[in-house]
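*Asks:* This is model_29.txt, which holds compact mmCIF, C-alpha atoms:
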```txt
# COMPACT_ATOMS: atom_id res chain seq x y z
CA MET X 40 55.04 64.58 -9.21
CA GLU X 41 54.81 67.00 -6.30
CA ALA X 42 51.64 68.50 -7.74
CA PHE X 43 49.91 65.15 -7.27
CA LYS X 44 51.44 64.00 -4.03
CA SER X 45 49.10 64.19 -1.08
CA PRO X 46 50.48 65.98 2.00
CA LYS X 47 51.66 63.49 4.60
CA ASN X 48 48.79 64.23 6.90
CA LEU X 49 46.28 63.71 4.12
CA VAL X 50 45.51 60.74 1.87
CA PRO X 51 43.08 60.45 -1.07
CA ARG X 52 39.57 60.17 0.27
CA GLU X 53 36.13 59.46 -1.09
CA LYS X 54 32.73 60.12 0.33
CA LYS X 55 30.59 57.57 2.09
CA PRO X 56 26.90 57.40 1.21
CA ASP X 57 26.23 59.31 4.46
CA GLY X 58 28.60 62.12 3.46
CA GLY X 59 31.55 61.01 5.59
CA LEU X 60 35.04 60.38 4.22
CA VAL X 61 36.84 57.08 3.75
CA SER X 62 40.63 56.91 3.36
CA VAL X 63 41.94 55.28 0.19
CA THR X 64 44.71 52.73 0.63
CA ILE X 65 46.47 51.26 -2.40
CA PRO X 66 47.70 47.70 -1.66
CA ALA X 67 51.11 46.44 -2.75
CA SER X 68 51.16 44.74 -6.17
CA PRO X 69 51.13 41.10 -4.94
CA PHE X 70 47.79 41.73 -3.27
CA MET X 71 46.03 42.83 -6.46
CA GLN X 72 44.97 40.92 -9.56
CA LYS X 73 47.06 41.77 -12.60
CA LEU X 74 44.89 42.96 -15.49
CA GLY X 75 47.55 43.64 -18.09
CA TYR X 76 50.74 45.46 -18.88
CA GLY X 77 52.26 48.04 -21.18
CA THR X 78 55.71 49.45 -21.85
CA GLY X 79 57.31 49.66 -18.42
CA VAL X 80 54.03 49.50 -16.50
CA ASN X 81 51.58 46.95 -15.08
CA VAL X 82 47.86 47.42 -14.49
CA TYR X 83 46.09 45.82 -11.52
CA LEU X 84 42.53 45.40 -10.36
CA MET X 85 41.95 47.00 -6.95
CA LYS X 86 38.77 45.75 -5.27
CA ARG X 87 37.47 48.20 -2.71
CA SER X 88 35.26 47.68 0.32
CA PRO X 89 36.33 50.35 2.82
CA ARG X 90 34.71 49.78 6.20
CA GLY X 91 32.29 47.29 4.73
CA LEU X 92 31.04 49.60 2.01
CA SER X 93 30.49 48.19 -1.46
CA CYS X 94 32.46 50.36 -3.90
CA SER X 95 33.26 50.01 -7.58
CA PRO X 96 36.75 48.61 -8.30
CA TRP X 97 39.63 50.66 -9.68
CA ALA X 98 42.32 49.91 -12.22
CA VAL X 99 45.74 50.80 -10.79
CA LYS X 100 48.72 51.50 -13.05
CA LYS X 101 52.19 51.14 -11.58
CA VAL X 102 55.72 51.21 -12.97
CA SER X 103 57.04 47.66 -13.32
CA SER X 104 59.47 46.58 -10.62
CA LYS X 105 61.47 44.76 -13.32
CA CYS X 106 62.64 48.09 -14.78
CA ASN X 107 66.12 49.27 -13.85
CA SER X 108 66.56 52.57 -12.00
CA SER X 109 67.00 54.59 -15.20
CA GLN X 110 63.90 53.08 -16.76
CA GLN X 111 61.98 53.53 -13.50
CA SER X 112 62.64 57.27 -13.66
CA ILE X 113 61.50 57.55 -17.29
CA TYR X 114 58.33 55.52 -16.83
CA GLN X 115 57.49 57.26 -13.56
CA GLN X 116 57.68 60.63 -15.33
CA ARG X 117 55.34 59.30 -18.02
CA LEU X 118 52.94 58.11 -15.35
CA ASN X 119 53.08 61.54 -13.71
CA GLU X 120 52.23 63.19 -17.04
CA GLU X 121 49.39 60.76 -17.66
CA ALA X 122 47.95 61.55 -14.22
CA LYS X 123 48.06 65.30 -14.96
CA ILE X 124 46.25 64.79 -18.25
CA LEU X 125 43.69 62.28 -17.02
CA LYS X 126 42.80 64.41 -13.99
CA ASN X 127 41.39 67.07 -16.33
CA LEU X 128 39.30 64.71 -18.46
CA GLN X 129 35.71 63.74 -17.85
CA HIS X 130 33.77 61.90 -20.56
CA PRO X 131 31.70 58.68 -20.64
CA ASN X 132 33.96 57.23 -23.35
CA ILE X 133 37.26 58.07 -21.60
CA VAL X 134 38.46 56.07 -18.59
CA GLY X 135 38.16 58.36 -15.56
CA TYR X 136 40.78 59.57 -13.07
CA ARG X 137 40.46 58.48 -9.45
CA ALA X 138 43.75 59.17 -7.61
CA PHE X 139 47.51 59.54 -7.96
CA THR X 140 49.18 58.47 -4.77
CA GLU X 141 51.70 56.24 -3.03
CA ALA X 142 50.95 52.55 -2.56
CA ASN X 143 51.79 50.57 0.58
CA ASP X 144 54.99 49.35 -1.06
CA GLY X 145 56.19 52.95 -1.59
CA SER X 146 55.61 53.10 -5.36
CA MET X 147 53.63 55.90 -6.96
CA CYS X 148 50.59 54.70 -8.84
CA LEU X 149 47.70 56.03 -10.89
CA ALA X 150 44.24 54.82 -9.87
CA MET X 151 41.62 54.97 -12.59
CA GLU X 152 38.03 54.03 -13.21
CA TYR X 153 37.78 50.31 -13.93
CA GLY X 154 36.56 50.58 -17.50
CA GLY X 155 35.92 46.91 -18.12
CA GLU X 156 37.01 43.35 -17.71
CA LYS X 157 38.86 43.17 -21.01
CA SER X 158 40.49 45.24 -23.69
CA LEU X 159 39.26 45.12 -27.25
CA THR X 160 42.49 43.24 -28.06
CA ASP X 161 41.53 40.51 -25.57
CA LEU X 162 38.16 40.11 -27.27
CA LEU X 163 39.79 40.05 -30.72
CA GLU X 164 42.12 37.26 -29.63
CA GLU X 165 39.29 35.26 -28.05
CA ARG X 166 37.18 35.55 -31.18
CA ARG X 167 40.12 34.54 -33.36
CA ALA X 168 40.86 31.49 -31.18
CA LYS X 169 37.22 30.38 -31.47
CA ARG X 170 37.26 30.97 -35.25
CA LEU X 171 34.15 33.16 -35.03
CA GLY X 172 35.13 35.48 -37.86
CA PRO X 173 34.68 39.27 -37.92
CA PHE X 174 32.74 41.01 -35.17
CA PRO X 175 29.13 41.70 -36.19
CA ALA X 176 28.74 44.95 -38.10
CA ALA X 177 26.45 46.32 -35.37
CA THR X 178 29.16 45.76 -32.74
CA ILE X 179 31.79 47.50 -34.86
CA PHE X 180 29.36 50.40 -35.36
CA LYS X 181 28.88 50.70 -31.58
CA VAL X 182 32.62 50.70 -30.95
CA ALA X 183 33.18 53.22 -33.75
CA LEU X 184 30.60 55.65 -32.35
CA SER X 185 31.86 55.37 -28.77
CA MET X 186 35.49 55.85 -29.79
CA ALA X 187 34.61 58.76 -32.08
CA ARG X 188 32.74 60.49 -29.26
CA GLY X 189 35.76 60.09 -27.00
CA LEU X 190 38.11 61.42 -29.69
CA LYS X 191 35.80 64.35 -30.44
CA TYR X 192 35.98 65.30 -26.76
CA LEU X 193 39.77 65.02 -26.69
CA HIS X 194 40.31 66.91 -29.96
CA ASN X 195 37.64 69.61 -29.80
CA ASP X 196 37.05 70.18 -26.10
CA LYS X 197 40.50 69.47 -24.66
CA LYS X 198 42.70 70.15 -27.71
CA LEU X 199 44.56 66.89 -27.17
CA LEU X 200 45.79 64.23 -29.57
CA HIS X 201 45.51 60.81 -27.93
CA GLY X 202 48.61 59.64 -29.74
CA ASP X 203 48.26 55.87 -29.36
CA ILE X 204 44.84 54.70 -30.55
CA LYS X 205 44.61 50.91 -31.06
CA SER X 206 42.50 48.01 -29.81
CA THR X 207 44.72 47.56 -26.75
CA ASN X 208 43.72 51.03 -25.54
CA VAL X 209 39.98 50.42 -25.73
CA VAL X 210 38.37 48.73 -22.70
CA ILE X 211 35.05 46.95 -22.82
CA LYS X 212 32.60 46.15 -20.06
CA GLY X 213 30.24 43.20 -20.43
CA ASP X 214 28.71 42.63 -23.84
CA PHE X 215 29.91 46.02 -25.12
CA GLU X 216 27.73 47.74 -22.52
CA THR X 217 30.37 50.46 -22.14
CA ILE X 218 33.29 51.27 -24.42
CA LYS X 219 36.07 53.56 -23.19
CA ILE X 220 39.39 54.84 -24.50
CA CYS X 221 42.26 54.50 -22.04
CA ASP X 222 46.00 55.23 -21.76
CA VAL X 223 46.30 58.96 -22.43
CA GLY X 224 49.96 58.98 -21.41
CA MET X 225 51.11 59.67 -24.98
CA SER X 226 48.71 62.60 -25.50
CA LEU X 227 50.01 65.74 -27.19
CA PRO X 228 48.56 69.30 -27.15
CA LEU X 229 46.85 70.54 -30.30
CA ASP X 230 46.83 74.18 -31.36
CA GLU X 231 43.88 76.07 -32.86
CA ASN X 232 44.63 74.41 -36.22
CA MET X 233 44.44 70.93 -34.68
CA THR X 234 48.21 70.59 -35.16
CA VAL X 235 50.95 69.43 -32.80
CA SER X 236 53.08 72.53 -33.21
CA ASP X 237 55.36 72.33 -30.16
CA PRO X 238 58.78 71.17 -31.47
CA GLU X 239 59.52 69.61 -28.08
CA MET X 240 56.54 67.28 -28.43
CA CYS X 241 57.14 64.00 -30.25
CA TYR X 242 54.48 61.63 -31.58
CA VAL X 243 55.25 58.12 -30.35
CA GLY X 244 52.29 55.90 -31.22
CA THR X 245 52.62 52.16 -31.95
CA GLU X 246 54.26 51.24 -35.23
CA PRO X 247 51.56 49.17 -37.03
CA TRP X 248 48.96 51.91 -36.37
CA LYS X 249 51.13 54.88 -37.37
CA PRO X 250 49.96 57.11 -40.23
CA LYS X 251 52.29 58.04 -43.06
CA GLU X 252 53.01 61.52 -41.69
CA ALA X 253 54.26 60.04 -38.38
CA LEU X 254 56.80 57.96 -40.29
CA GLN X 255 58.30 60.98 -42.04
CA ASP X 256 60.97 63.18 -40.49
CA ASP X 257 59.17 66.33 -41.62
CA GLY X 258 55.63 65.00 -41.20
CA VAL X 259 53.05 67.38 -39.71
CA ILE X 260 51.08 65.69 -36.93
CA THR X 261 47.44 66.72 -36.54
CA ASP X 262 44.26 65.30 -35.02
CA LYS X 263 44.03 63.18 -38.17
CA ALA X 264 46.82 60.92 -36.85
CA ASP X 265 44.31 59.59 -34.31
CA ILE X 266 41.74 59.16 -37.09
CA PHE X 267 44.09 56.94 -39.12
CA ALA X 268 44.69 54.71 -36.08
CA PHE X 269 40.94 54.75 -35.35
CA GLY X 270 40.32 53.43 -38.88
CA LEU X 271 42.83 50.64 -38.33
CA THR X 272 41.06 49.71 -35.08
CA LEU X 273 37.88 49.14 -37.11
CA TRP X 274 39.98 47.06 -39.51
CA GLU X 275 41.15 44.97 -36.55
CA MET X 276 37.53 44.15 -35.72
CA MET X 277 36.84 43.09 -39.31
CA THR X 278 39.98 40.96 -39.67
CA LEU X 279 40.94 39.91 -36.11
CA SER X 280 44.52 40.79 -37.02
CA VAL X 281 47.21 43.35 -36.24
CA PRO X 282 47.76 45.76 -39.15
CA HIS X 283 50.47 44.61 -41.59
CA LEU X 284 51.74 41.76 -39.41
CA ASN X 285 50.23 39.04 -41.61
CA LEU X 286 52.55 39.96 -44.50
CA GLY X 287 54.61 36.96 -45.53
CA ASN X 288 52.62 34.57 -43.32
CA ASP X 289 51.21 31.97 -45.68
CA SER X 290 49.71 29.78 -43.00
CA ASP X 291 46.06 28.83 -43.51
CA ASP X 292 45.66 28.05 -39.81
CA GLU X 293 43.69 31.00 -38.47
CA ASP X 294 44.27 29.82 -34.91
CA GLU X 295 48.04 29.84 -35.27
CA SER X 296 49.83 32.52 -33.29
CA PHE X 297 51.78 35.14 -35.20
CA ASP X 298 55.17 33.77 -36.18
CA GLU X 299 57.75 36.55 -36.14
CA ASP X 300 60.09 34.48 -38.36
CA SER X 301 57.48 34.36 -41.13
CA LEU X 302 57.14 38.14 -41.39
CA ASP X 303 58.45 39.70 -44.57
CA GLU X 304 60.15 42.70 -42.97
CA ASP X 305 60.64 44.58 -46.24
CA ALA X 306 56.95 44.24 -47.07
CA TYR X 307 55.98 45.16 -43.50
CA TYR X 308 57.97 48.40 -43.44
CA ALA X 309 56.80 49.31 -46.94
CA ALA X 310 53.18 48.82 -45.84
CA LEU X 311 53.36 51.00 -42.73
CA GLY X 312 51.19 54.07 -43.07
CA THR X 313 49.09 52.54 -45.84
CA ARG X 314 45.60 51.04 -45.90
CA PRO X 315 45.68 47.25 -45.36
CA ALA X 316 43.40 45.06 -47.44
CA LEU X 317 40.17 43.52 -46.19
CA ASN X 318 39.00 39.99 -46.93
CA MET X 319 35.77 41.02 -48.63
CA GLU X 320 34.59 37.40 -48.81
CA GLU X 321 34.06 37.45 -45.04
CA LEU X 322 32.06 40.70 -45.04
CA ASP X 323 28.46 40.85 -46.24
CA SER X 324 26.48 43.97 -47.15
CA SER X 325 25.80 44.83 -43.49
CA TYR X 326 29.48 45.88 -43.18
CA GLN X 327 29.44 48.37 -46.05
CA ARG X 328 29.15 51.51 -43.89
CA MET X 329 31.97 50.36 -41.62
CA ILE X 330 34.08 49.50 -44.67
CA ASP X 331 33.42 52.99 -46.06
CA LEU X 332 34.35 54.58 -42.72
CA PHE X 333 37.54 52.52 -42.45
CA THR X 334 38.47 53.48 -46.01
CA VAL X 335 38.06 57.23 -45.61
CA CYS X 336 39.79 57.26 -42.21
CA THR X 337 42.87 55.46 -43.56
CA SER X 338 43.57 57.80 -46.46
CA GLU X 339 47.31 58.45 -46.66
CA GLU X 340 46.51 62.16 -47.08
CA PRO X 341 45.52 63.54 -43.63
CA LYS X 342 43.27 66.26 -45.09
CA LYS X 343 41.10 63.59 -46.72
CA ARG X 344 40.37 61.93 -43.40
CA PRO X 345 37.25 63.12 -41.54
CA SER X 346 37.45 64.80 -38.14
CA ALA X 347 36.17 62.99 -35.06
CA ALA X 348 33.31 65.50 -34.88
CA CYS X 349 32.33 64.69 -38.46
CA ILE X 350 32.39 60.95 -37.75
CA VAL X 351 30.15 61.41 -34.69
CA GLU X 352 27.70 63.54 -36.67
CA VAL X 353 27.43 60.96 -39.45
CA LEU X 354 27.17 57.93 -37.18
CA GLU X 355 24.59 59.53 -34.90
CA THR X 356 22.31 60.08 -37.89
CA THR X 357 22.92 56.56 -39.25
CA LEU X 358 20.98 53.48 -38.21
CA SER X 359 23.14 50.77 -36.74
CA PRO X 360 23.35 47.58 -38.86
CA GLU X 361 21.15 44.77 -37.56
```
The structure in this file should be written as structure tokens.
*Replies:*
Amino acid sequence: MEAFKSPKNLVPREKKPDGGLVSVTIPASPFMQKLGYGTGVNVYLMKRSPRGLSCSPWAVKKVSSKCNSSQQSIYQQRLNEEAKILKNLQHPNIVGYRAFTEANDGSMCLAMEYGGEKSLTDLLEERRAKRLGPFPAATIFKVALSMARGLKYLHNDKKLLHGDIKSTNVVIKGDFETIKICDVGMSLPLDENMTVSDPEMCYVGTEPWKPKEALQDDGVITDKADIFAFGLTLWEMMTLSVPHLNLGNDSDDEDESFDEDSLDEDAYYAALGTRPALNMEELDSSYQRMIDLFTVCTSEEPKKRPSAACIVEVLETTLSPE
């Protein structure tokens, strides 16, 4: 944490249009709009108009005050690590670093580029509630290309595994004007073979998106773990569902919220790490390329999955579906 703490006589600053400097002040949580939350953390919208200047807003991540002291320490360390990682990343499809500093209420917080009003999960849920069916194939293509470009940068340029790819960690601005990957706090270093070789490093991920190798005690984690989760994110856009959580739910009401009691746990755990089925009746021929991409990315054998660089190369030479 010390590496990111500003000296007491200095605070994070940004330049005015005229070249001067403006101090950055992070308000206490109650004075910011809550955007969302994750495990042990909350994310807030920080609107900024220092000295009358019009500046783009920031997203501010802080450890939840509801955590006990032991949890606070764990989540603060994770936030510190995320700040270190994010500070060294710069890509149009990765949410950008802005500051890591102390807020007015004394809590340490990570200020980031405000990537968009909503996460992809929010848009999935809205579409499901309105019974609109799968996202258009062209929209899925756009998300796939943007995410693949971000993953290519992480894997090839920074030798990092994101470690928690899913719709929740993709933020969208406007009508898919910009698409950015966020939450790099679970990132793991990759060696020259694109493998997580440090025995001290543990892949965490989120259970429904985990590949088979991450569910095995002796599984070898490579960049292809992100690719499996990437494939399931495309599946989310074609089904408006969370992978494997519809097992045992026989309800025909598409607007009904997931009922935990209806889940067949044995079927759920048996399905983890496998390729979930698509409802092909809802997908016309315009989806075929996205179906093919989803299929190859969710192979249970990591070596059969394409690299992020390969996905980018193919998609950039492919016309988007109309």
*Asks:* In Å, rounded to a single decimal, give me how far CA of Gln129 in chain X is from CA of Thr217 in chain X.
*Replies:*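 Between these atoms lies a distance of 14.9 Å.
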*Asks:* Nearest to Ala177 in chain X: which of X:Arg328, X:Lys251, X:Lys342, X:Lys263 is it, counting only C-alpha atoms?
*Replies:*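 Nearest to Ala177 in chain X: X:Arg328.
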*Asks:* Quick one: distance from CA of Met319 in chain X to CA of Leu284 in chain X in Å, one decimal?
*Replies:*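 According to the coordinates, CA of Met319 in chain X and CA of Leu284 in chain X are separated by 18.5 Å.
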*Asks:* Measure the distance from CA of Asp257 in chain X to CA of Lys205 in chain X in Å and round it to one decimal.
*Replies:*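 We find that CA of Asp257 in chain X and CA of Lys205 in chain X lie 23.7 Å from each other.
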*Asks:* At a cut-off of 9 Å, using all atoms listed in the file, what residues contact range 239-242 of chain X? Leave out same-chain residues fewer than 2 positions from it and give the result as a tab-separated table (two decimals) with C-alpha atoms, in the frame of the given file.
*Replies:*
```tsv
chain	number	residue	atom	x	y	z
X	202	GLY	CA	48.61	59.64	-29.74
X	203	ASP	CA	48.26	55.87	-29.36
X	225	MET	CA	51.11	59.67	-24.98
X	226	SER	CA	48.71	62.60	-25.50
X	227	LEU	CA	50.01	65.74	-27.19
X	228	PRO	CA	48.56	69.30	-27.15
X	235	VAL	CA	50.95	69.43	-32.80
X	236	SER	CA	53.08	72.53	-33.21
X	237	ASP	CA	55.36	72.33	-30.16
X	244	GLY	CA	52.29	55.90	-31.22
X	253	ALA	CA	54.26	60.04	-38.38
X	260	ILE	CA	51.08	65.69	-36.93
```
